[in-house]
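Content type PDB, C-alpha atoms, pLDDT in the B column, from the file protein.pdb:
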MODEL        1
ATOM      1  CA  ASP R   1     117.561  37.785 110.072  1.00 51.00           C
ATOM      2  CA  ASN R   2     115.852  37.345 106.723  1.00 58.00           C
ATOM      3  CA  SER R   3     112.715  38.920 108.125  1.00 62.00           C
ATOM      4  CA  LEU R   4     114.743  41.876 109.405  1.00 61.00           C
ATOM      5  CA  ALA R   5     116.327  42.394 105.998  1.00 62.00           C
ATOM      6  CA  TYR R   6     112.894  42.136 104.377  1.00 59.00           C
ATOM      7  CA  ASN R   7     111.424  44.716 106.748  1.00 59.00           C
ATOM      8  CA  LEU R   8     114.363  47.082 106.234  1.00 57.00           C
ATOM      9  CA  ASN R   9     114.019  46.845 102.447  1.00 61.00           C
ATOM     10  CA  ARG R  10     110.282  47.379 102.746  1.00 59.00           C
ATOM     11  CA  LEU R  11     110.808  50.453 104.961  1.00 53.00           C
ATOM     12  CA  HIS R  12     113.381  51.839 102.541  1.00 55.00           C
ATOM     13  CA  ALA R  13     111.032  51.337  99.585  1.00 52.00           C
ATOM     14  CA  ARG R  14     108.173  53.031 101.418  1.00 52.00           C
ATOM     15  CA  SER R  15     110.262  56.015 102.486  1.00 51.00           C
ATOM     16  CA  ASN R  16     111.583  56.504  98.956  1.00 57.00           C
ATOM     17  CA  ASN R  17     108.279  56.069  97.169  1.00 57.00           C
ATOM     18  CA  PRO R  18     107.818  59.370  95.247  1.00 61.00           C
ATOM     19  CA  ASP R  19     104.068  58.882  94.907  1.00 73.00           C
ATOM     20  CA  ARG R  20     103.690  58.307  98.631  1.00 81.00           C
ATOM     21  CA  ASN R  21     105.796  61.386  99.413  1.00 85.00           C
ATOM     22  CA  LEU R  22     103.796  63.468  96.933  1.00 87.00           C
ATOM     23  CA  VAL R  23     100.491  62.410  98.501  1.00 88.00           C
ATOM     24  CA  ALA R  24     101.826  63.332 101.957  1.00 91.00           C
ATOM     25  CA  ALA R  25     102.960  66.746 100.696  1.00 92.00           C
ATOM     26  CA  PHE R  26      99.635  67.451  98.984  1.00 93.00           C
ATOM     27  CA  LYS R  27      97.835  66.480 102.185  1.00 92.00           C
ATOM     28  CA  LYS R  28     100.044  68.870 104.159  1.00 94.00           C
ATOM     29  CA  ILE R  29      99.361  71.725 101.720  1.00 94.00           C
ATOM     30  CA  GLY R  30      95.637  70.994 101.897  1.00 94.00           C
ATOM     31  CA  GLY R  31      95.747  71.121 105.696  1.00 94.00           C
ATOM     32  CA  MET R  32      97.555  74.469 105.717  1.00 94.00           C
ATOM     33  CA  CYS R  33      95.075  75.913 103.211  1.00 94.00           C
ATOM     34  CA  GLU R  34      92.160  74.796 105.369  1.00 94.00           C
ATOM     35  CA  GLN R  35      93.668  76.407 108.479  1.00 93.00           C
ATOM     36  CA  LEU R  36      94.376  79.634 106.585  1.00 92.00           C
ATOM     37  CA  SER R  37      90.938  79.616 104.861  1.00 90.00           C
ATOM     38  CA  LEU R  38      92.518  79.644 101.392  1.00 92.00           C
ATOM     39  CA  VAL R  39      90.567  78.785  98.243  1.00 91.00           C
ATOM     40  CA  THR R  40      91.022  75.639  96.150  1.00 92.00           C
ATOM     41  CA  THR R  41      92.811  77.452  93.324  1.00 92.00           C
ATOM     42  CA  ILE R  42      95.626  78.407  95.715  1.00 93.00           C
ATOM     43  CA  LYS R  43      95.862  74.860  97.051  1.00 93.00           C
ATOM     44  CA  ASP R  44      96.037  73.442  93.523  1.00 93.00           C
ATOM     45  CA  ARG R  45      98.654  75.998  92.511  1.00 91.00           C
ATOM     46  CA  ALA R  46     100.804  75.190  95.549  1.00 93.00           C
ATOM     47  CA  CYS R  47     100.588  71.472  94.755  1.00 93.00           C
ATOM     48  CA  GLU R  48     101.636  72.126  91.151  1.00 91.00           C
ATOM     49  CA  LEU R  49     104.611  74.165  92.332  1.00 90.00           C
ATOM     50  CA  TYR R  50     105.633  71.459  94.794  1.00 92.00           C
ATOM     51  CA  LYS R  51     105.537  68.763  92.119  1.00 90.00           C
ATOM     52  CA  GLU R  52     107.449  70.941  89.640  1.00 88.00           C
ATOM     53  CA  VAL R  53     110.200  71.884  92.079  1.00 89.00           C
ATOM     54  CA  MET R  54     110.668  68.340  93.380  1.00 89.00           C
ATOM     55  CA  GLU R  55     111.150  67.164  89.806  1.00 87.00           C
ATOM     56  CA  THR R  56     114.142  69.519  89.501  1.00 86.00           C
ATOM     57  CA  GLY R  57     115.938  67.646  92.295  1.00 86.00           C
ATOM     58  CA  ALA R  58     117.052  70.943  93.807  1.00 87.00           C
ATOM     59  CA  MET R  59     115.423  70.549  97.227  1.00 88.00           C
ATOM     60  CA  LYS R  60     117.368  67.554  98.570  1.00 86.00           C
ATOM     61  CA  GLY R  61     118.047  67.910 102.263  1.00 84.00           C
ATOM     62  CA  ARG R  62     115.184  70.305 102.867  1.00 89.00           C
ATOM     63  CA  GLY R  63     112.259  69.351 105.063  1.00 90.00           C
ATOM     64  CA  MET R  64     108.992  68.516 103.351  1.00 92.00           C
ATOM     65  CA  GLN R  65     106.941  70.871 105.524  1.00 94.00           C
ATOM     66  CA  ALA R  66     109.195  73.871 104.830  1.00 94.00           C
ATOM     67  CA  ILE R  67     109.056  73.167 101.077  1.00 95.00           C
ATOM     68  CA  CYS R  68     105.254  72.880 101.212  1.00 95.00           C
ATOM     69  CA  ALA R  69     105.051  76.154 103.123  1.00 95.00           C
ATOM     70  CA  ALA R  70     107.314  77.956 100.636  1.00 94.00           C
ATOM     71  CA  CYS R  71     105.238  76.668  97.708  1.00 94.00           C
ATOM     72  CA  LEU R  72     102.075  77.851  99.440  1.00 95.00           C
ATOM     73  CA  TYR R  73     103.614  81.278 100.089  1.00 92.00           C
ATOM     74  CA  LEU R  74     104.479  81.573  96.399  1.00 90.00           C
ATOM     75  CA  ALA R  75     101.053  80.310  95.269  1.00 90.00           C
ATOM     76  CA  CYS R  76      99.333  82.927  97.448  1.00 90.00           C
ATOM     77  CA  ARG R  77     101.367  85.687  95.807  1.00 84.00           C
ATOM     78  CA  GLN R  78     100.664  84.360  92.330  1.00 82.00           C
ATOM     79  CA  GLU R  79      96.939  84.250  93.027  1.00 83.00           C
ATOM     80  CA  ASN R  80      96.942  87.819  94.413  1.00 80.00           C
ATOM     81  CA  ASN R  81      96.026  86.668  97.909  1.00 85.00           C
ATOM     82  CA  PRO R  82      99.358  87.076  99.723  1.00 84.00           C
ATOM     83  CA  ARG R  83     100.137  85.631 103.120  1.00 87.00           C
ATOM     84  CA  THR R  84     103.206  86.429 105.183  1.00 85.00           C
ATOM     85  CA  PHE R  85     105.820  83.917 106.301  1.00 86.00           C
ATOM     86  CA  ARG R  86     104.629  84.580 109.845  1.00 85.00           C
ATOM     87  CA  GLU R  87     101.036  83.650 109.016  1.00 89.00           C
ATOM     88  CA  ILE R  88     102.088  80.423 107.319  1.00 93.00           C
ATOM     89  CA  THR R  89     104.542  79.525 110.099  1.00 91.00           C
ATOM     90  CA  ALA R  90     101.699  79.892 112.616  1.00 90.00           C
ATOM     91  CA  VAL R  91      99.943  76.790 111.209  1.00 92.00           C
ATOM     92  CA  LEU R  92     103.088  74.641 111.210  1.00 92.00           C
ATOM     93  CA  PRO R  93     104.786  72.693 114.028  1.00 90.00           C
ATOM     94  CA  ALA R  94     107.146  74.711 116.228  1.00 89.00           C
ATOM     95  CA  ASP R  95     110.240  73.064 114.743  1.00 89.00           C
ATOM     96  CA  VAL R  96     109.540  74.645 111.319  1.00 90.00           C
ATOM     97  CA  GLN R  97     110.963  78.159 111.518  1.00 89.00           C
ATOM     98  CA  LYS R  98     110.223  81.213 109.381  1.00 88.00           C
ATOM     99  CA  ARG R  99     113.857  81.242 108.203  1.00 90.00           C
ATOM    100  CA  ASP R 100     113.485  77.634 106.948  1.00 91.00           C
ATOM    101  CA  ILE R 101     110.559  78.664 104.740  1.00 92.00           C
ATOM    102  CA  GLY R 102     112.474  81.722 103.536  1.00 90.00           C
ATOM    103  CA  ARG R 103     115.468  79.606 102.507  1.00 91.00           C
ATOM    104  CA  CYS R 104     113.246  77.132 100.667  1.00 92.00           C
ATOM    105  CA  PHE R 105     111.457  79.975  98.899  1.00 91.00           C
ATOM    106  CA  LYS R 106     114.744  81.391  97.590  1.00 89.00           C
ATOM    107  CA  GLU R 107     115.918  77.943  96.485  1.00 90.00           C
ATOM    108  CA  ILE R 108     112.618  77.278  94.698  1.00 89.00           C
ATOM    109  CA  VAL R 109     112.930  80.515  92.726  1.00 85.00           C
ATOM    110  CA  GLU R 110     116.547  79.674  91.852  1.00 86.00           C
ATOM    111  CA  ALA R 111     115.555  76.154  90.778  1.00 85.00           C
ATOM    112  CA  PHE R 112     112.962  77.496  88.355  1.00 81.00           C
ATOM    113  CA  LYS R 113     115.412  80.108  87.062  1.00 79.00           C
ATOM    114  CA  ASP R 114     117.955  77.360  86.332  1.00 79.00           C
ATOM    115  CA  LYS R 115     115.283  75.264  84.656  1.00 74.00           C
ATOM    116  CA  ALA R 116     114.282  78.146  82.385  1.00 72.00           C
ATOM    117  CA  LEU R 117     117.909  78.952  81.512  1.00 72.00           C
ATOM    118  CA  GLN R 118     118.421  75.366  80.391  1.00 72.00           C
ATOM    119  CA  LYS R 119     115.593  75.856  77.890  1.00 66.00           C
ATOM    120  CA  PRO R 120     115.955  79.486  76.709  1.00 62.00           C
ATOM    121  CA  ASP R 121     113.901  78.791  73.563  1.00 62.00           C
ATOM    122  CA  ASN R 122     111.090  77.072  75.443  1.00 59.00           C
ATOM    123  CA  ALA R 123     108.271  79.634  75.663  1.00 62.00           C
ATOM    124  CA  ARG R 124     106.419  77.603  78.289  1.00 57.00           C
ATOM    125  CA  ALA R 125     109.481  77.441  80.557  1.00 58.00           C
ATOM    126  CA  GLN R 126     110.048  81.182  80.220  1.00 60.00           C
ATOM    127  CA  ALA R 127     106.386  81.960  80.910  1.00 61.00           C
ATOM    128  CA  PHE R 128     106.467  79.681  83.948  1.00 61.00           C
ATOM    129  CA  LEU R 129     109.560  81.473  85.221  1.00 62.00           C
ATOM    130  CA  GLN R 130     107.711  84.795  85.119  1.00 63.00           C
ATOM    131  CA  THR R 131     105.011  83.338  87.356  1.00 61.00           C
ATOM    132  CA  VAL R 132     107.441  82.210  90.050  1.00 60.00           C
ATOM    133  CA  MET R 133     109.724  85.240  90.123  1.00 61.00           C
ATOM    134  CA  PRO R 134     108.823  87.167  93.280  1.00 56.00           C
ATOM    135  CA  SER R 135     107.297  90.568  92.686  1.00 60.00           C
ATOM    136  CA  VAL R 136     107.729  93.461  95.082  1.00 63.00           C
ATOM    137  CA  GLN R 137     104.747  93.613  97.415  1.00 74.00           C
ATOM    138  CA  HIS R 138     103.121  96.864  98.414  1.00 80.00           C
ATOM    139  CA  PRO R 139     100.242  97.913 100.690  1.00 87.00           C
ATOM    140  CA  ALA R 140      97.521  97.483  98.026  1.00 87.00           C
ATOM    141  CA  ASP R 141      98.190  93.710  98.023  1.00 85.00           C
ATOM    142  CA  PHE R 142      96.802  93.439 101.559  1.00 88.00           C
ATOM    143  CA  ILE R 143      93.953  95.960 101.620  1.00 91.00           C
ATOM    144  CA  LYS R 144      91.169  93.711 100.305  1.00 89.00           C
ATOM    145  CA  ARG R 145      91.717  90.960 102.859  1.00 87.00           C
ATOM    146  CA  TYR R 146      92.146  93.229 105.852  1.00 91.00           C
ATOM    147  CA  THR R 147      89.126  95.418 105.077  1.00 93.00           C
ATOM    148  CA  ALA R 148      87.046  92.261 104.579  1.00 91.00           C
ATOM    149  CA  GLU R 149      88.192  90.832 107.927  1.00 89.00           C
ATOM    150  CA  LEU R 150      87.275  94.134 109.579  1.00 92.00           C
ATOM    151  CA  LYS R 151      83.857  93.929 107.887  1.00 92.00           C
ATOM    152  CA  LEU R 152      84.286  97.322 106.237  1.00 93.00           C
ATOM    153  CA  GLY R 153      82.078  98.370 103.333  1.00 91.00           C
ATOM    154  CA  HIS R 154      83.017  98.651  99.668  1.00 92.00           C
ATOM    155  CA  SER R 155      83.407 102.429  99.777  1.00 93.00           C
ATOM    156  CA  ILE R 156      85.998 102.129 102.556  1.00 94.00           C
ATOM    157  CA  PHE R 157      87.810  99.341 100.702  1.00 94.00           C
ATOM    158  CA  LYS R 158      87.865 101.452  97.531  1.00 94.00           C
ATOM    159  CA  ALA R 159      89.235 104.507  99.329  1.00 94.00           C
ATOM    160  CA  CYS R 160      91.889 102.434 101.130  1.00 94.00           C
ATOM    161  CA  HIS R 161      92.890 100.731  97.879  1.00 93.00           C
ATOM    162  CA  GLU R 162      93.189 104.047  96.036  1.00 93.00           C
ATOM    163  CA  MET R 163      95.333 105.480  98.808  1.00 93.00           C
ATOM    164  CA  ALA R 164      97.506 102.357  98.843  1.00 91.00           C
ATOM    165  CA  LEU R 165      98.051 102.650  95.092  1.00 89.00           C
ATOM    166  CA  ALA R 166      98.965 106.305  95.512  1.00 87.00           C
ATOM    167  CA  ALA R 167     101.501 105.271  98.163  1.00 84.00           C
ATOM    168  CA  LYS R 168     103.088 102.673  95.889  1.00 73.00           C
ATOM    169  CA  PRO R 169     106.811 103.403  95.407  1.00 59.00           C
ATOM    170  CA  LYS R 170     107.459 105.060  92.061  1.00 56.00           C
ATOM    171  CA  ASP R 171     110.058 107.141  90.276  1.00 49.00           C
ATOM    172  CA  THR R 172     110.329 110.451  92.100  1.00 51.00           C
ATOM    173  CA  ASN R 173     113.579 111.670  90.531  1.00 52.00           C
ATOM    174  CA  GLY R 174     115.595 109.741  93.085  1.00 57.00           C
ATOM    175  CA  VAL R 175     113.799 111.273  96.066  1.00 65.00           C
ATOM    176  CA  ARG R 176     112.756 108.647  98.606  1.00 72.00           C
ATOM    177  CA  ARG R 177     109.503 109.061 100.449  1.00 74.00           C
ATOM    178  CA  ALA R 178     109.363 108.369 104.183  1.00 72.00           C
ATOM    179  CA  TRP R 179     107.565 105.053 103.813  1.00 77.00           C
ATOM    180  CA  ASP R 180     109.613 103.637 100.920  1.00 77.00           C
ATOM    181  CA  GLY R 181     111.152 100.331 101.988  1.00 73.00           C
ATOM    182  CA  LYS R 182     108.883  99.984 105.020  1.00 81.00           C
ATOM    183  CA  ASN R 183     106.894  96.818 105.681  1.00 83.00           C
ATOM    184  CA  PRO R 184     103.886  97.002 103.282  1.00 87.00           C
ATOM    185  CA  ILE R 185     101.610  95.407 105.886  1.00 89.00           C
ATOM    186  CA  SER R 186     102.309  98.161 108.406  1.00 91.00           C
ATOM    187  CA  ILE R 187     101.618 100.789 105.723  1.00 92.00           C
ATOM    188  CA  ALA R 188      98.370  99.000 104.788  1.00 93.00           C
ATOM    189  CA  ALA R 189      97.348  98.976 108.456  1.00 94.00           C
ATOM    190  CA  ALA R 190      98.033 102.713 108.778  1.00 95.00           C
ATOM    191  CA  ILE R 191      96.065 103.442 105.599  1.00 95.00           C
ATOM    192  CA  ILE R 192      93.037 101.556 106.916  1.00 95.00           C
ATOM    193  CA  PHE R 193      93.258 103.481 110.193  1.00 95.00           C
ATOM    194  CA  ILE R 194      93.479 106.834 108.378  1.00 94.00           C
ATOM    195  CA  ILE R 195      90.593 106.198 105.967  1.00 94.00           C
ATOM    196  CA  THR R 196      88.259 104.815 108.629  1.00 94.00           C
ATOM    197  CA  GLN R 197      88.963 107.747 110.955  1.00 93.00           C
ATOM    198  CA  LEU R 198      88.206 110.207 108.140  1.00 91.00           C
ATOM    199  CA  SER R 199      84.874 108.537 107.338  1.00 88.00           C
ATOM    200  CA  LYS R 200      81.780 110.612 107.980  1.00 86.00           C
ATOM    201  CA  ASP R 201      79.914 107.488 109.068  1.00 85.00           C
ATOM    202  CA  SER R 202      80.859 106.553 112.624  1.00 83.00           C
ATOM    203  CA  LYS R 203      80.025 102.901 111.858  1.00 85.00           C
ATOM    204  CA  ASP R 204      83.023 102.772 109.531  1.00 85.00           C
ATOM    205  CA  ARG R 205      85.495 103.815 112.212  1.00 88.00           C
ATOM    206  CA  VAL R 206      87.570 101.036 113.722  1.00 91.00           C
ATOM    207  CA  LEU R 207      89.863 101.075 116.709  1.00 91.00           C
ATOM    208  CA  MET R 208      93.573 100.702 116.170  1.00 92.00           C
ATOM    209  CA  SER R 209      93.441  97.694 118.491  1.00 93.00           C
ATOM    210  CA  GLN R 210      91.084  95.989 116.000  1.00 93.00           C
ATOM    211  CA  ILE R 211      93.530  96.650 113.161  1.00 94.00           C
ATOM    212  CA  VAL R 212      96.332  95.206 115.310  1.00 92.00           C
ATOM    213  CA  VAL R 213      94.399  91.960 115.747  1.00 89.00           C
ATOM    214  CA  VAL R 214      93.645  91.569 112.024  1.00 88.00           C
ATOM    215  CA  THR R 215      97.036  92.591 110.617  1.00 88.00           C
ATOM    216  CA  GLY R 216      99.317  91.314 113.361  1.00 84.00           C
ATOM    217  CA  VAL R 217     101.176  94.650 113.324  1.00 88.00           C
ATOM    218  CA  ALA R 218     102.020  96.236 116.674  1.00 90.00           C
ATOM    219  CA  GLU R 219     100.227  99.483 117.514  1.00 92.00           C
ATOM    220  CA  ALA R 220     103.531 101.368 117.824  1.00 93.00           C
ATOM    221  CA  THR R 221     104.499 100.227 114.319  1.00 92.00           C
ATOM    222  CA  ILE R 222     101.169 101.375 112.868  1.00 93.00           C
ATOM    223  CA  ARG R 223     101.615 104.758 114.539  1.00 93.00           C
ATOM    224  CA  GLY R 224     105.107 105.002 113.046  1.00 93.00           C
ATOM    225  CA  ALA R 225     103.721 104.276 109.574  1.00 92.00           C
ATOM    226  CA  TYR R 226     100.992 106.874 110.173  1.00 93.00           C
ATOM    227  CA  ARG R 227     103.639 109.477 111.005  1.00 92.00           C
ATOM    228  CA  ASP R 228     105.475 108.632 107.764  1.00 91.00           C
ATOM    229  CA  LEU R 229     102.301 109.070 105.700  1.00 92.00           C
ATOM    230  CA  TYR R 230     100.896 112.129 107.490  1.00 91.00           C
ATOM    231  CA  PRO R 231     102.891 114.865 105.668  1.00 89.00           C
ATOM    232  CA  GLU R 232     101.632 113.559 102.310  1.00 89.00           C
ATOM    233  CA  LEU R 233      97.997 112.882 103.247  1.00 90.00           C
ATOM    234  CA  VAL R 234      96.698 115.748 101.108  1.00 90.00           C
ATOM    235  CA  ASN R 235      98.165 113.983  98.071  1.00 88.00           C
ATOM    236  CA  LEU R 236      97.382 110.417  99.145  1.00 90.00           C
ATOM    237  CA  VAL R 237      93.813 110.501 100.464  1.00 91.00           C
ATOM    238  CA  PRO R 238      91.259 110.144  97.623  1.00 89.00           C
ATOM    239  CA  LYS R 239      89.280 113.308  96.990  1.00 80.00           C
TER     240      LYS R 239
ENDMDL
END
Rewrite the structure from the file as structure tokens, please.
Amino acid sequence: DNSLAYNLNRLHARSNNPDRNLVAAFKKIGGMCEQLSLVTTIKDRACELYKEVMETGAMKGRGMQAICAACLYLACRQENNPRTFREITAVLPADVQKRDIGRCFKEIVEAFKDKALQKPDNARAQAFLQTVMPSVQHPADFIKRYTAELKLGHSIFKACHEMALAAKPKDTNGVRRAWDGKNPISIAAAIIFIITQLSKDSKDRVLMSQIVVVTGVAEATIRGAYRDLYPELVNLVPK
């Protein structure tokens, strides 16, 4: 009986050891980064975010893997190398759902907002808040990675990036353009298809099926984005 009580106390101490839990979380983040081929700066940033948010006490009841994934998602955006929830979910066990990561992401942002509001005169807290507040993503955020994965040259990347910037939502006197509000990845995929097809060098042309594989966007969705962009191509395609 005494040995049982000792073992139960020992198990409780181990499961509630913050250092042990932190090491396990950092190891999980490192494993995800390796599977997603992410650089060390992103891994370190995700670990910093995890430690910071756990110190707020706001994530009680949430699974460690979903919290790690949400921190990694945020770190990727901060380091200008965004990944989608779907991409991150793909390297996690089946019981961790995309919606779980999404909920954790929202709670992490709220936790940092609350932390900053508690210290309105703390410049560091306010600056940190600006780094965790989610920014609106647009097609240009994804062009570099996708053109690299398709092994396209710098001139194609540059043209795609310029077109993506031109397609970025902006003030048009309240007039919405056809692609405003659409998934930025599908718009990025359509832009890459358009630019490569317009290239004079046949080596730069890629099949839509290749873009589907790299971006994970269905061919029908890319064609829909293409149709949205087509009427404005004369204004969007770099001269």
Residue contacts of segment 58-75 of chain R (9 Å, only C-alpha atoms) excluding same-chain residues fewer than 6 positions away, as a PDB file with C-alpha atoms, in the coordinates of the input:
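Written output follows (around20.pdb):
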ATOM      1  CA  ASN R  21     105.796  61.386  99.413  1.00 85.00           C
ATOM      2  CA  ALA R  24     101.826  63.332 101.957  1.00 91.00           C
ATOM      3  CA  ALA R  25     102.960  66.746 100.696  1.00 92.00           C
ATOM      4  CA  PHE R  26      99.635  67.451  98.984  1.00 93.00           C
ATOM      5  CA  LYS R  28     100.044  68.870 104.159  1.00 94.00           C
ATOM      6  CA  ILE R  29      99.361  71.725 101.720  1.00 94.00           C
ATOM      7  CA  MET R  32      97.555  74.469 105.717  1.00 94.00           C
ATOM      8  CA  CYS R  33      95.075  75.913 103.211  1.00 94.00           C
ATOM      9  CA  THR R  41      92.811  77.452  93.324  1.00 92.00           C
ATOM     10  CA  ILE R  42      95.626  78.407  95.715  1.00 93.00           C
ATOM     11  CA  LYS R  43      95.862  74.860  97.051  1.00 93.00           C
ATOM     12  CA  ASP R  44      96.037  73.442  93.523  1.00 93.00           C
ATOM     13  CA  ARG R  45      98.654  75.998  92.511  1.00 91.00           C
ATOM     14  CA  ALA R  46     100.804  75.190  95.549  1.00 93.00           C
ATOM     15  CA  CYS R  47     100.588  71.472  94.755  1.00 93.00           C
ATOM     16  CA  GLU R  48     101.636  72.126  91.151  1.00 91.00           C
ATOM     17  CA  LEU R  49     104.611  74.165  92.332  1.00 90.00           C
ATOM     18  CA  TYR R  50     105.633  71.459  94.794  1.00 92.00           C
ATOM     19  CA  ASN R  81      96.026  86.668  97.909  1.00 85.00           C
ATOM     20  CA  PRO R  82      99.358  87.076  99.723  1.00 84.00           C
ATOM     21  CA  ARG R  83     100.137  85.631 103.120  1.00 87.00           C
ATOM     22  CA  THR R  84     103.206  86.429 105.183  1.00 85.00           C
ATOM     23  CA  PHE R  85     105.820  83.917 106.301  1.00 86.00           C
ATOM     24  CA  ILE R  88     102.088  80.423 107.319  1.00 93.00           C
ATOM     25  CA  THR R  89     104.542  79.525 110.099  1.00 91.00           C
ATOM     26  CA  LEU R  92     103.088  74.641 111.210  1.00 92.00           C
ATOM     27  CA  PRO R  93     104.786  72.693 114.028  1.00 90.00           C
ATOM     28  CA  VAL R  96     109.540  74.645 111.319  1.00 90.00           C
ATOM     29  CA  GLN R  97     110.963  78.159 111.518  1.00 89.00           C
ATOM     30  CA  LYS R  98     110.223  81.213 109.381  1.00 88.00           C
ATOM     31  CA  ASP R 100     113.485  77.634 106.948  1.00 91.00           C
ATOM     32  CA  ILE R 101     110.559  78.664 104.740  1.00 92.00           C
ATOM     33  CA  GLY R 102     112.474  81.722 103.536  1.00 90.00           C
ATOM     34  CA  ARG R 103     115.468  79.606 102.507  1.00 91.00           C
ATOM     35  CA  CYS R 104     113.246  77.132 100.667  1.00 92.00           C
ATOM     36  CA  PHE R 105     111.457  79.975  98.899  1.00 91.00           C
ATOM     37  CA  LYS R 106     114.744  81.391  97.590  1.00 89.00           C
ATOM     38  CA  GLU R 107     115.918  77.943  96.485  1.00 90.00           C
ATOM     39  CA  ILE R 108     112.618  77.278  94.698  1.00 89.00           C
ATOM     40  CA  GLU R 110     116.547  79.674  91.852  1.00 86.00           C
ATOM     41  CA  ALA R 111     115.555  76.154  90.778  1.00 85.00           C
ATOM     42  CA  VAL R 132     107.441  82.210  90.050  1.00 60.00           C
ATOM     43  CA  MET R 133     109.724  85.240  90.123  1.00 61.00           C
ATOM     44  CA  PRO R 134     108.823  87.167  93.280  1.00 56.00           C
TER      45      PRO R 134
END
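Across the structure, atom CA of Ile192 of chain R and atom CA of Asn235 of chain R are spaced 16.1 Å apart.
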Exercise for review: Evaluate the PyMOL selection byres ((chain R and resi 162-166) around 9) and record the selected residues as a PyMOL selection string, following the chain and residue labels used in the document.
Suggested key: chain R and resi 138-141+143+157-161+167-169+187-188+191+195+235-238
**Study point:** Selected residue, from R:Ile156, R:Ala148, R:Cys76, R:Ala190, that lies nearest to Val212 of chain R when counting all atoms listed in the file
**Key:**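 Ranked by minimum distance to Val212 of chain R, first place goes to R:Ala190.
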Review point. Smallest atom-to-atom distance to Tyr226 of chain R: which of R:Arg86, R:Lys200, R:Lys182, R:Arg205, using only C-alpha atoms?
Key: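 Nearest candidate to Tyr226 of chain R out of R:Arg86, R:Lys200, R:Lys182, R:Arg205: R:Lys182.
Considering the residues R:Gly30, R:Ser155, R:Lys144, R:Val53 and counting all atoms listed in the file, Asp114 of chain R has its shortest atom-to-atom contact with R:Val53.
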Practice item. Take atom CA of Lys115 of chain R and atom CA of Thr56 of chain R and report the distance between them in Å, one decimal. Key: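 A separation of 7.6 Å between them.
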Exercise for review: Find the distance between atom CA of Asp180 of chain R and atom CA of Arg227 of chain R and write it in Å to one decimal.
Suggested key: 13.1 Å
Exercise for review: Find the residues around Val214 of chain R up to 8 Å (only C-alpha atoms counted), leave out those fewer than 6 positions away in its own chain, and share them as a list in words.
Suggested key: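 Returned residues: Tyr146, Glu149 and Leu150 of chain R.
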For the residues in that selection, give me C-alpha atoms as a PDB file, keeping the file's coordinate frame.
ATOM      1  CA  TYR R 146      92.146  93.229 105.852  1.00 91.00           C
ATOM      2  CA  GLU R 149      88.192  90.832 107.927  1.00 89.00           C
ATOM      3  CA  LEU R 150      87.275  94.134 109.579  1.00 92.00           C
TER       4      LEU R 150
END
